[in-house]
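**Q** As input, take data.cif (mmCIF, C-alpha atoms (C1' of nucleotides) and all ligand atoms):
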```cif
data_run
#
loop_
_atom_site.label_atom_id
_atom_site.label_comp_id
_atom_site.auth_asym_id
_atom_site.auth_seq_id
_atom_site.Cartn_x
_atom_site.Cartn_y
_atom_site.Cartn_z
CA MET A 1 90.28 123.85 131.26
CA ASP A 2 87.82 123.05 134.00
CA SER A 3 86.05 119.72 133.83
CA GLU A 4 82.94 121.45 135.22
CA THR A 5 82.65 123.39 132.00
CA ILE A 6 82.44 120.16 130.07
CA LEU A 7 79.73 118.80 132.31
CA GLN A 8 77.69 121.98 131.98
CA ALA A 9 77.95 121.76 128.23
CA LEU A 10 76.71 118.19 128.42
CA ARG A 11 73.61 119.30 130.33
CA GLN A 12 72.99 122.17 127.97
CA HIS A 13 73.06 119.80 125.04
CA GLY A 14 70.66 117.39 126.70
CA TYR A 15 73.21 114.71 127.53
CA ARG A 16 73.19 113.09 130.93
CA VAL A 17 75.92 113.80 133.42
CA THR A 18 77.08 110.42 134.57
CA ARG A 19 79.79 109.15 136.83
CA PRO A 20 81.85 107.74 133.95
CA ARG A 21 81.65 111.04 132.06
CA ARG A 22 82.61 113.02 135.13
CA ALA A 23 85.61 110.83 135.73
CA ILE A 24 86.72 110.98 132.10
CA ALA A 25 86.30 114.74 131.88
CA LEU A 26 88.36 115.18 135.01
CA ALA A 27 91.10 112.83 133.86
CA LEU A 28 91.42 114.72 130.61
CA ALA A 29 91.30 118.13 132.25
CA GLN A 30 93.93 117.28 134.82
CA ALA A 31 96.39 115.75 132.40
CA ARG A 32 99.33 117.94 131.50
CA GLY A 33 99.37 116.67 127.95
CA TRP A 34 97.54 114.41 125.55
CA LEU A 35 96.57 110.89 126.53
CA ARG A 36 95.72 107.68 124.74
CA ALA A 37 92.30 106.19 125.39
CA GLU A 38 93.89 103.49 127.54
CA GLU A 39 95.60 106.15 129.62
CA VAL A 40 92.40 108.08 130.09
CA LEU A 41 90.83 104.83 131.25
CA ALA A 42 93.54 104.16 133.80
CA ARG A 43 93.19 107.60 135.33
CA ALA A 44 89.43 107.85 135.21
CA ARG A 45 89.16 104.55 137.03
CA ASP A 46 90.39 106.24 140.17
CA ARG A 47 87.03 107.97 140.38
CA CYS A 48 84.96 105.39 138.58
CA PRO A 49 86.11 101.82 139.26
CA GLY A 50 84.51 99.41 136.83
CA LEU A 51 84.80 101.91 134.00
CA GLY A 52 85.15 100.32 130.59
CA LEU A 53 87.29 101.32 127.64
CA VAL A 54 84.27 101.49 125.35
CA THR A 55 82.79 104.23 127.46
CA VAL A 56 86.04 106.15 127.30
CA TYR A 57 85.96 106.06 123.51
CA ARG A 58 82.34 107.15 123.48
CA ALA A 59 82.93 110.01 125.91
CA LEU A 60 86.00 111.19 124.03
CA ALA A 61 84.04 111.23 120.79
CA LEU A 62 81.32 113.23 122.49
CA PHE A 63 83.69 115.71 124.09
CA THR A 64 85.46 116.14 120.78
CA GLU A 65 82.20 116.95 119.05
CA LEU A 66 81.40 119.54 121.68
CA GLY A 67 84.85 121.05 121.25
CA PHE A 68 86.24 120.18 124.67
CA ALA A 69 88.66 117.58 123.45
CA ARG A 70 90.84 117.46 120.41
CA ARG A 71 92.44 114.52 118.64
CA VAL A 72 96.18 114.25 118.33
CA HIS A 73 97.26 112.43 115.20
CA LEU A 74 100.03 109.99 115.99
CA GLU A 75 102.55 108.73 113.48
CA ASP A 76 101.36 105.14 113.77
CA GLY A 77 97.83 106.09 112.79
CA CYS A 78 96.35 105.94 116.26
CA HIS A 79 95.06 108.91 118.14
CA GLY A 80 95.53 110.68 121.43
CA TYR A 81 93.21 113.16 123.06
CA ALA A 82 93.86 116.49 124.73
CA ALA A 83 91.58 118.81 126.66
CA ALA A 84 90.68 121.81 124.54
CA GLN A 85 88.54 124.88 124.32
CA PRO A 86 85.86 125.17 121.66
CA ARG A 87 87.35 128.11 119.80
CA GLN A 88 91.05 127.26 119.67
CA GLU A 89 91.64 124.83 116.89
CA PRO A 90 95.38 124.67 116.24
CA GLN A 91 97.64 123.01 118.72
CA ALA A 92 101.34 122.54 119.24
CA ILE A 93 102.50 119.32 120.78
CA CYS A 94 105.78 118.45 122.44
CA ARG A 95 107.33 115.36 120.90
CA VAL A 96 108.98 114.44 124.17
CA CYS A 97 106.61 115.23 127.03
CA ARG A 98 103.33 115.47 125.10
CA ALA A 99 102.56 118.93 126.42
CA VAL A 100 99.85 120.62 124.39
CA VAL A 101 99.58 124.32 123.73
CA HIS A 102 96.58 125.77 121.98
CA ILE A 103 96.86 128.58 119.51
CA SER A 104 94.13 131.10 118.98
CA ALA A 105 92.20 130.46 115.82
CA ALA A 106 92.45 134.18 115.13
CA ASP A 107 96.15 133.75 114.44
CA LEU A 108 95.20 131.48 111.60
CA ARG A 109 92.99 133.91 109.76
CA PRO A 110 95.63 135.48 107.52
CA LEU A 111 96.85 132.09 106.41
CA LEU A 112 93.31 130.91 105.93
CA ARG A 113 92.44 133.94 103.87
CA ARG A 114 95.47 133.52 101.69
CA ALA A 115 94.86 129.81 101.24
CA ALA A 116 91.25 130.45 100.32
CA ALA A 117 92.14 133.21 97.89
CA HIS A 118 94.87 131.21 96.26
CA SER A 119 92.91 128.00 95.88
CA GLY A 120 89.34 129.23 95.64
CA TYR A 121 88.40 126.81 98.38
CA GLN A 122 85.61 127.57 100.82
CA ILE A 123 87.19 126.24 103.97
CA GLU A 124 84.97 124.60 106.56
CA SER A 125 87.28 122.95 109.05
CA LEU A 126 90.89 122.99 110.11
CA LEU A 127 93.41 120.46 111.24
CA VAL A 128 96.51 122.27 112.36
CA GLU A 129 99.03 120.45 114.46
CA PHE A 130 102.59 121.47 115.08
CA THR A 131 105.04 119.08 116.65
CA GLY A 132 108.31 119.98 118.26
CA LEU A 133 109.89 120.66 121.61
CA CYS A 134 108.27 122.62 124.38
CA PRO A 135 110.48 125.11 126.26
CA ARG A 136 111.16 122.66 129.07
CA CYS A 137 112.25 119.89 126.75
CA GLN A 138 114.53 121.99 124.58
CA GLY A 139 118.29 121.61 124.92
CA GLY A 140 118.23 118.47 126.97
CA GLU A 141 116.70 115.62 125.09
CA ASP A 142 119.27 113.19 126.39
CA GLN A 143 118.97 114.40 129.95
CA GLY A 144 116.73 111.48 130.65
CA ILE A 145 113.02 111.13 130.48
CA ARG A 146 111.27 114.40 130.94
CA ASN A 147 107.87 113.00 130.35
CA GLN A 148 106.28 115.24 132.96
CA ALA A 149 103.42 116.66 130.94
CA ALA A 150 101.59 113.44 130.53
CA ARG A 151 100.90 113.04 134.20
CA MET B 1 103.41 115.95 89.98
CA ASP B 2 105.22 113.67 87.59
CA SER B 3 105.63 110.07 88.58
CA GLU B 4 109.07 110.10 86.95
CA THR B 5 110.26 112.50 89.61
CA ILE B 6 109.33 110.00 92.27
CA LEU B 7 111.21 107.22 90.52
CA GLN B 8 114.30 109.36 90.17
CA ALA B 9 114.18 110.16 93.85
CA LEU B 10 113.98 106.45 94.57
CA ARG B 11 117.15 105.83 92.59
CA GLN B 12 118.94 108.72 94.23
CA HIS B 13 118.15 107.32 97.63
CA GLY B 14 119.36 103.86 96.70
CA TYR B 15 115.95 102.23 96.41
CA ARG B 16 115.20 99.97 93.51
CA VAL B 17 112.83 101.05 90.80
CA THR B 18 110.41 98.18 90.45
CA ARG B 19 107.29 97.53 88.48
CA PRO B 20 105.00 97.75 91.51
CA ARG B 21 106.53 101.05 92.56
CA ARG B 22 106.22 102.46 89.07
CA ALA B 23 102.58 101.50 88.90
CA ILE B 24 101.82 102.91 92.33
CA ALA B 25 103.62 106.16 91.66
CA LEU B 26 101.72 106.60 88.42
CA ALA B 27 98.37 105.80 90.00
CA LEU B 28 98.95 108.38 92.67
CA ALA B 29 100.27 110.99 90.28
CA GLN B 30 97.39 110.62 87.87
CA ALA B 31 94.65 110.77 90.49
CA ARG B 32 92.85 114.07 90.74
CA GLY B 33 92.49 113.78 94.48
CA TRP B 34 93.46 111.63 97.42
CA LEU B 35 92.99 107.89 97.35
CA ARG B 36 92.65 105.12 99.88
CA ALA B 37 95.21 102.33 99.76
CA GLU B 38 92.61 100.01 98.24
CA GLU B 39 91.91 102.55 95.52
CA VAL B 40 95.58 102.93 94.74
CA LEU B 41 95.77 99.17 94.45
CA ALA B 42 92.85 98.99 92.05
CA ARG B 43 94.38 101.58 89.74
CA ALA B 44 97.96 100.40 89.97
CA ARG B 45 96.89 96.91 89.02
CA ASP B 46 96.23 98.12 85.50
CA ARG B 47 99.99 98.35 85.03
CA CYS B 48 101.00 95.68 87.50
CA PRO B 49 98.50 92.81 87.52
CA GLY B 50 99.51 90.65 90.49
CA LEU B 51 100.15 93.64 92.72
CA GLY B 52 99.35 93.14 96.41
CA LEU B 53 97.91 95.54 98.93
CA VAL B 54 100.87 95.11 101.23
CA THR B 55 103.16 96.49 98.60
CA VAL B 56 100.88 99.47 98.16
CA TYR B 57 101.13 100.26 101.86
CA ARG B 58 104.89 99.88 101.77
CA ALA B 59 105.29 102.08 98.73
CA LEU B 60 103.00 104.75 100.12
CA ALA B 61 104.99 104.81 103.33
CA LEU B 62 108.17 105.16 101.33
CA PHE B 63 106.82 107.90 99.08
CA THR B 64 105.52 109.72 102.13
CA GLU B 65 108.93 109.63 103.73
CA LEU B 66 110.50 111.01 100.60
CA GLY B 67 107.91 113.78 100.50
CA PHE B 68 106.12 112.71 97.34
CA ALA B 69 102.96 111.59 99.06
CA ARG B 70 101.07 113.04 101.96
CA ARG B 71 98.59 111.46 104.30
CA VAL B 72 95.05 112.70 104.53
CA HIS B 73 93.53 112.22 107.95
CA LEU B 74 89.98 110.95 107.64
CA GLU B 75 87.30 111.28 110.27
CA ASP B 76 87.05 107.56 110.88
CA GLY B 77 90.72 107.32 111.77
CA CYS B 78 91.86 105.83 108.51
CA HIS B 79 94.07 107.55 106.00
CA GLY B 80 94.11 108.53 102.39
CA TYR B 81 97.12 109.47 100.32
CA ALA B 82 97.69 112.27 97.86
CA ALA B 83 100.57 113.03 95.52
CA ALA B 84 102.64 115.88 96.90
CA GLN B 85 105.78 117.87 96.44
CA PRO B 86 108.52 117.73 99.03
CA ARG B 87 108.36 121.39 100.08
CA GLN B 88 104.64 122.04 100.27
CA GLU B 89 103.33 120.78 103.52
CA PRO B 90 99.85 122.22 104.03
CA GLN B 91 97.01 121.01 101.93
CA ALA B 92 93.37 121.87 101.36
CA ILE B 93 91.00 119.05 100.59
CA CYS B 94 87.55 119.12 99.06
CA ARG B 95 85.03 117.35 101.22
CA VAL B 96 82.98 116.37 98.21
CA CYS B 97 85.30 115.46 95.38
CA ARG B 98 88.55 114.89 97.33
CA ALA B 99 90.50 117.36 95.23
CA VAL B 100 93.74 118.32 96.92
CA VAL B 101 95.46 121.68 96.67
CA HIS B 102 98.88 122.25 98.14
CA ILE B 103 99.82 125.44 99.82
CA SER B 104 103.32 126.79 99.86
CA ALA B 105 105.01 126.26 103.17
CA ALA B 106 106.25 129.83 102.92
CA ASP B 107 102.72 131.02 103.54
CA LEU B 108 102.86 129.33 106.89
CA ARG B 109 105.92 131.11 108.17
CA PRO B 110 104.21 134.07 109.84
CA LEU B 111 101.83 131.77 111.68
CA LEU B 112 104.66 129.47 112.60
CA ARG B 113 106.73 132.34 113.91
CA ARG B 114 103.88 133.64 115.98
CA ALA B 115 103.03 130.22 117.33
CA ALA B 116 106.65 129.63 118.25
CA ALA B 117 107.00 133.03 119.89
CA HIS B 118 103.78 132.67 121.82
CA SER B 119 104.38 129.16 123.06
CA GLY B 120 108.14 128.94 123.20
CA TYR B 121 107.97 125.75 121.17
CA GLN B 122 110.74 124.78 118.80
CA ILE B 123 108.63 123.44 115.97
CA GLU B 124 109.93 120.48 113.98
CA SER B 125 107.06 119.31 111.84
CA LEU B 126 103.70 120.46 110.60
CA LEU B 127 100.35 118.91 109.97
CA VAL B 128 98.11 121.44 108.30
CA GLU B 129 94.97 120.27 106.59
CA PHE B 130 92.05 122.39 105.58
CA THR B 131 88.79 120.83 104.54
CA GLY B 132 86.03 122.48 102.60
CA LEU B 133 84.66 122.88 99.13
CA CYS B 134 86.74 123.34 96.04
CA PRO B 135 85.57 125.94 93.51
CA ARG B 136 83.84 123.34 91.37
CA CYS B 137 81.90 121.86 94.25
CA GLN B 138 80.70 125.13 95.71
CA GLY B 139 77.08 126.16 95.33
CA GLY B 140 75.80 122.86 94.17
CA GLU B 141 76.23 120.17 96.75
CA ASP B 142 72.86 118.69 95.96
CA GLN B 143 73.45 118.81 92.24
CA GLY B 144 74.35 115.18 92.40
CA ILE B 145 77.62 113.50 92.87
CA ARG B 146 80.45 115.58 91.60
CA ASN B 147 83.11 113.18 92.66
CA GLN B 148 85.27 113.97 89.67
CA ALA B 149 88.55 114.60 91.36
CA ALA B 150 89.04 111.13 92.66
CA ARG B 151 89.25 109.65 89.24
"C1'" DC C 1 60.71 110.28 147.62
"C1'" DT C 2 58.94 106.72 144.04
"C1'" DC C 3 58.08 105.35 139.55
"C1'" DC C 4 59.05 105.53 134.48
"C1'" DT C 5 61.31 106.24 130.51
"C1'" DT C 6 65.23 105.81 128.02
"C1'" DA C 7 70.02 107.35 127.57
"C1'" DT C 8 74.05 105.24 129.03
"C1'" DT C 9 77.08 101.65 130.27
"C1'" DG C 10 80.26 97.56 129.94
"C1'" DA C 11 81.53 92.71 128.58
"C1'" DA C 12 82.11 90.23 124.70
"C1'" DA C 13 82.40 89.70 120.04
"C1'" DT C 14 83.58 91.91 115.80
"C1'" DT C 15 85.51 94.90 112.43
"C1'" DC C 16 88.91 96.13 109.38
"C1'" DA C 17 92.86 99.09 108.27
"C1'" DT C 18 97.51 98.14 108.70
"C1'" DT C 19 101.58 95.33 109.89
"C1'" DT C 20 104.44 91.23 110.35
"C1'" DT C 21 106.36 86.87 108.60
"C1'" DC C 22 108.74 84.38 105.40
"C1'" DA C 23 109.73 81.99 101.25
"C1'" DA C 24 109.88 83.26 96.36
"C1'" DT C 25 111.18 86.77 93.03
"C1'" DA C 26 113.42 90.23 90.47
"C1'" DA C 27 116.45 94.61 90.43
"C1'" DT C 28 121.14 96.05 90.35
"C1'" DA C 29 126.25 95.57 90.49
"C1'" DT C 30 130.20 92.95 88.94
"C1'" DA D 1 125.54 85.61 83.00
"C1'" DT D 2 125.92 85.35 88.13
"C1'" DA D 3 125.67 86.73 92.63
"C1'" DT D 4 123.73 89.63 96.04
"C1'" DT D 5 120.02 91.22 98.46
"C1'" DA D 6 116.17 94.47 98.31
"C1'" DT D 7 111.58 93.74 97.22
"C1'" DT D 8 107.40 91.35 96.75
"C1'" DG D 9 102.92 88.92 97.88
"C1'" DA D 10 100.05 85.37 100.35
"C1'" DA D 11 98.75 84.31 104.64
"C1'" DA D 12 98.45 85.15 109.32
"C1'" DA D 13 98.50 88.41 113.00
"C1'" DT D 14 97.82 92.80 115.13
"C1'" DG D 15 95.26 96.00 117.70
"C1'" DA D 16 92.78 100.31 117.83
"C1'" DA D 17 88.19 101.22 117.52
"C1'" DT D 18 83.34 99.87 116.95
"C1'" DT D 19 79.08 97.16 117.28
"C1'" DT D 20 75.79 94.39 119.98
"C1'" DC D 21 72.80 93.79 123.53
"C1'" DA D 22 71.17 93.05 128.10
"C1'" DA D 23 71.73 95.47 132.51
"C1'" DT D 24 72.00 99.91 134.83
"C1'" DA D 25 71.21 104.45 136.40
"C1'" DA D 26 70.16 109.55 135.19
"C1'" DG D 27 66.62 112.75 135.10
"C1'" DG D 28 61.80 114.07 134.68
"C1'" DA D 29 56.88 113.36 136.19
"C1'" DG D 30 53.78 112.75 139.80
MN MN E 201 93.57 102.62 112.86
MN MN E 202 95.06 110.56 111.79
ZN ZN E 203 108.05 118.89 126.40
ZN ZN E 204 85.41 119.42 94.99
#
```
Take the structure I supplied and represent it as structure tokens, if you would.
Ligand SMILES: [Mn+2]
Ligand SMILES: [Mn+2]
Ligand SMILES: [Zn+2]
Ligand SMILES: [Zn+2]
**A**
Amino acid sequence: MDSETILQALRQHGYRVTRPRRAIALALAQARGWLRAEEVLARARDRCPGLGLVTVYRALALFTELGFARRVHLEDGCHGYAAAQPRQEPQAICRVCRAVVHISAADLRPLLRRAAAHSGYQIESLLVEFTGLCPRCQGGEDQGIRNQAAR
Amino acid sequence: MDSETILQALRQHGYRVTRPRRAIALALAQARGWLRAEEVLARARDRCPGLGLVTVYRALALFTELGFARRVHLEDGCHGYAAAQPRQEPQAICRVCRAVVHISAADLRPLLRRAAAHSGYQIESLLVEFTGLCPRCQGGEDQGIRNQAAR
DNA sequence: CTCCTTATTGAAATTCATTTTCAATAATAT
DNA sequence: ATATTATTGAAAATGAATTTCAATAAGGAG
């Protein structure tokens, strides 16, 4: 996902394109996996010294609303963020290296239809998150730290 | 879901069956939808007067581990809890009344298979949460508060 | 380019759900 | 009953995330 796309969307929605937002968008786009807010901050500071954590939270919330970022729900209740595309809701996340793979929302339709039919619910939003091992991290968990995706 | 089942599982796993745990299990089982920790506390106190919030959190964590409770991920980052059955992972939640419907994990298999095939991931755990309107809350959002499920 | 308006930013303080500590209590086995 | 120890609850601490508010800078008008 190109960080330029995010910036264009900002303009289109009437938001200003600022240095902090550019730096945050780029940091998220270039990451190989999901990042905590603090990690986004550390990376975005390369391009925007003085950047504050508050601004990172605000930008991440904004990007998430626009569909260009997605929250990752961590066991401890905190959240990570991963670059995303507006139409691909579900994601699979590697437990070890944090790599994120997005799954087409179209793949979900059959399940959605069945769930709706079975329950009578009119479904408005999805939260689908699979956790496991990405191909690279399979069959070698104890081969040392393979945390490559995050950086 | 019967609260007795939870207590039996506790015994089987070597945990003690205490008054607080009984009260919490019952509160959760009798709720018509998900509850916040504070709400569980309020209800469980009927059967266990001096009950503390800390114990509620601990019991909910324990029940969740055993599969008898499931977390609901709220927008603000906090969590609710709903009674659950060990083998039904996905859940649909009513935005209005909090009613929770569980979906058989079997329904997920095709999606899971496709996701795994497409991404090469070896999936270990799922987080599937649909949000929308339950049958009762459809076509009448402005008909006043229908928050029936929660109580 | 210059000026204006106001969205945006960042430091500091605050919030508040959740966790940790630790001494007192009560569940289970013998 | 008695002993063992898992469990509990009050208080304090944690820490991710948010709110405040004065200073700053983006973008539009002239
Ligand atoms: Mn939190
Ligand atoms: Mn969450
Ligand atoms: Zn991996
Ligand atoms: Zn409802």
**Q** How many Å separate atom CA of B:Gln138 from atom CA of B:Ala83?
**A**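 Spanning atom CA of B:Gln138 to atom CA of B:Ala83 is a straight-line distance of 23.3 Å.
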**Q** Write out as JSON lines the residues of chain A that have any atom within 9 Å of an atom of ligand MN 202 (chain E), one row each with the nearest atom pair and its distance in Å to one decimal, counting all atoms listed in the file, sorted by chain and then rising number.
**A**
```
{"residue": "A:Arg71", "atom": "CA", "partner": "E:MN202", "partner_atom": "MN", "distance": 8.3}
{"residue": "A:Val72", "atom": "CA", "partner": "E:MN202", "partner_atom": "MN", "distance": 7.6}
{"residue": "A:His73", "atom": "CA", "partner": "E:MN202", "partner_atom": "MN", "distance": 4.5}
{"residue": "A:Leu74", "atom": "CA", "partner": "E:MN202", "partner_atom": "MN", "distance": 6.5}
{"residue": "A:Glu75", "atom": "CA", "partner": "E:MN202", "partner_atom": "MN", "distance": 7.9}
{"residue": "A:Asp76", "atom": "CA", "partner": "E:MN202", "partner_atom": "MN", "distance": 8.5}
{"residue": "A:Gly77", "atom": "CA", "partner": "E:MN202", "partner_atom": "MN", "distance": 5.4}
{"residue": "A:Cys78", "atom": "CA", "partner": "E:MN202", "partner_atom": "MN", "distance": 6.6}
{"residue": "A:His79", "atom": "CA", "partner": "E:MN202", "partner_atom": "MN", "distance": 6.6}
```
**Q** Which chain B residues are at most 10 Å from chain D (counting only C-alpha atoms (C1' of nucleotides)), as a compact mmCIF listing (two decimals) with C-alpha atoms, in the frame of the given file?
**A**
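Output file out_14.txt follows:
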```txt
# COMPACT_ATOMS: atom_id res chain seq x y z
CA TYR B 15 115.95 102.23 96.41
CA ARG B 16 115.20 99.97 93.51
CA VAL B 17 112.83 101.05 90.80
CA THR B 18 110.41 98.18 90.45
CA PRO B 20 105.00 97.75 91.51
CA GLY B 50 99.51 90.65 90.49
CA LEU B 51 100.15 93.64 92.72
CA GLY B 52 99.35 93.14 96.41
CA LEU B 53 97.91 95.54 98.93
CA VAL B 54 100.87 95.11 101.23
CA THR B 55 103.16 96.49 98.60
CA ASP B 76 87.05 107.56 110.88
CA GLY B 77 90.72 107.32 111.77
```
**Q** With only C-alpha atoms and all ligand atoms as the atoms that count, which of B:Leu127, B:Leu108, B:Leu66, B:Ile93 lies nearest to ligand ZN 204 (chain E)?
**A**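 Nearest to ligand ZN 204 (chain E): B:Ile93.
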**Q** Could you list, as a list in words, the residues of chain A having an atom within 6 Å of chain B when counting only C-alpha atoms?
**A**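 The answer, sorted by residue number, is Gly120, Tyr121, Gln122, Ile123, Glu124, Ser125, Leu126, Leu127, Val128, Glu129, Phe130, Thr131, Gly132, Leu133, Cys134 and Pro135 of chain A.
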**Q** Mind giving me the axis-aligned box for stretch 12-19 of chain C with 6 Å on every side, centre plus edges in Å to one decimal, as AutoDock Vina command-line options?
**A**
```
--center_x 91.8 --center_y 94.4 --center_z 116.5 --size_x 31.5 --size_y 21.4 --size_z 28.4
```
**Q** Go ahead and compute the interatomic distance for atom CA of B:Cys48 and atom CA of B:Pro86, in Å to one decimal.
**A**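 Atom CA of B:Pro86 lies at a distance of 26.0 Å from atom CA of B:Cys48.
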**Q** Find the residues in chain C near chain B: any atom within 8 Å counts, using all atoms listed in the file. Write them as a ChimeraX atom specification.
**A** /C:17,27-28
**Q** Please provide as a ChimeraX atom specification all residues within 9 Å of A:Leu28, with the sequence filter that same-chain residues fewer than 2 positions apart are discarded (counting only C-alpha atoms (C1' of nucleotides)).
**A** /A:3,23-26,30-35,40,43-44,69,81-83
**Q** Just give me the gap between atom CA of A:Glu65 and atom CA of A:Gln12 in Å, one decimal is fine.
**A**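 Distance between the two atoms: 13.8 Å.
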**Q** Could you tell me which of C:DT30, C:DT15, C:DT25, C:DT20 comes closest to ligand MN 201 (chain E) if we count all atoms listed in the file?
**A** C:DT15
**Q** Counting only C-alpha atoms (C1' of nucleotides), which residues come within 6 Å of (105.3, 114.4, 100.6), with the point read in the file's coordinates, and could you list them as a ChimeraX atom specification?
**A** /B:64,67-70,84-86
**Q** So which one's closest to ligand MN 201 (chain E), A:Ala27, A:Gly80, A:Gly14, A:Arg22? Using all atoms listed in the file, please.
**A**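 Selected residue with least distance to ligand MN 201 (chain E): A:Gly80.
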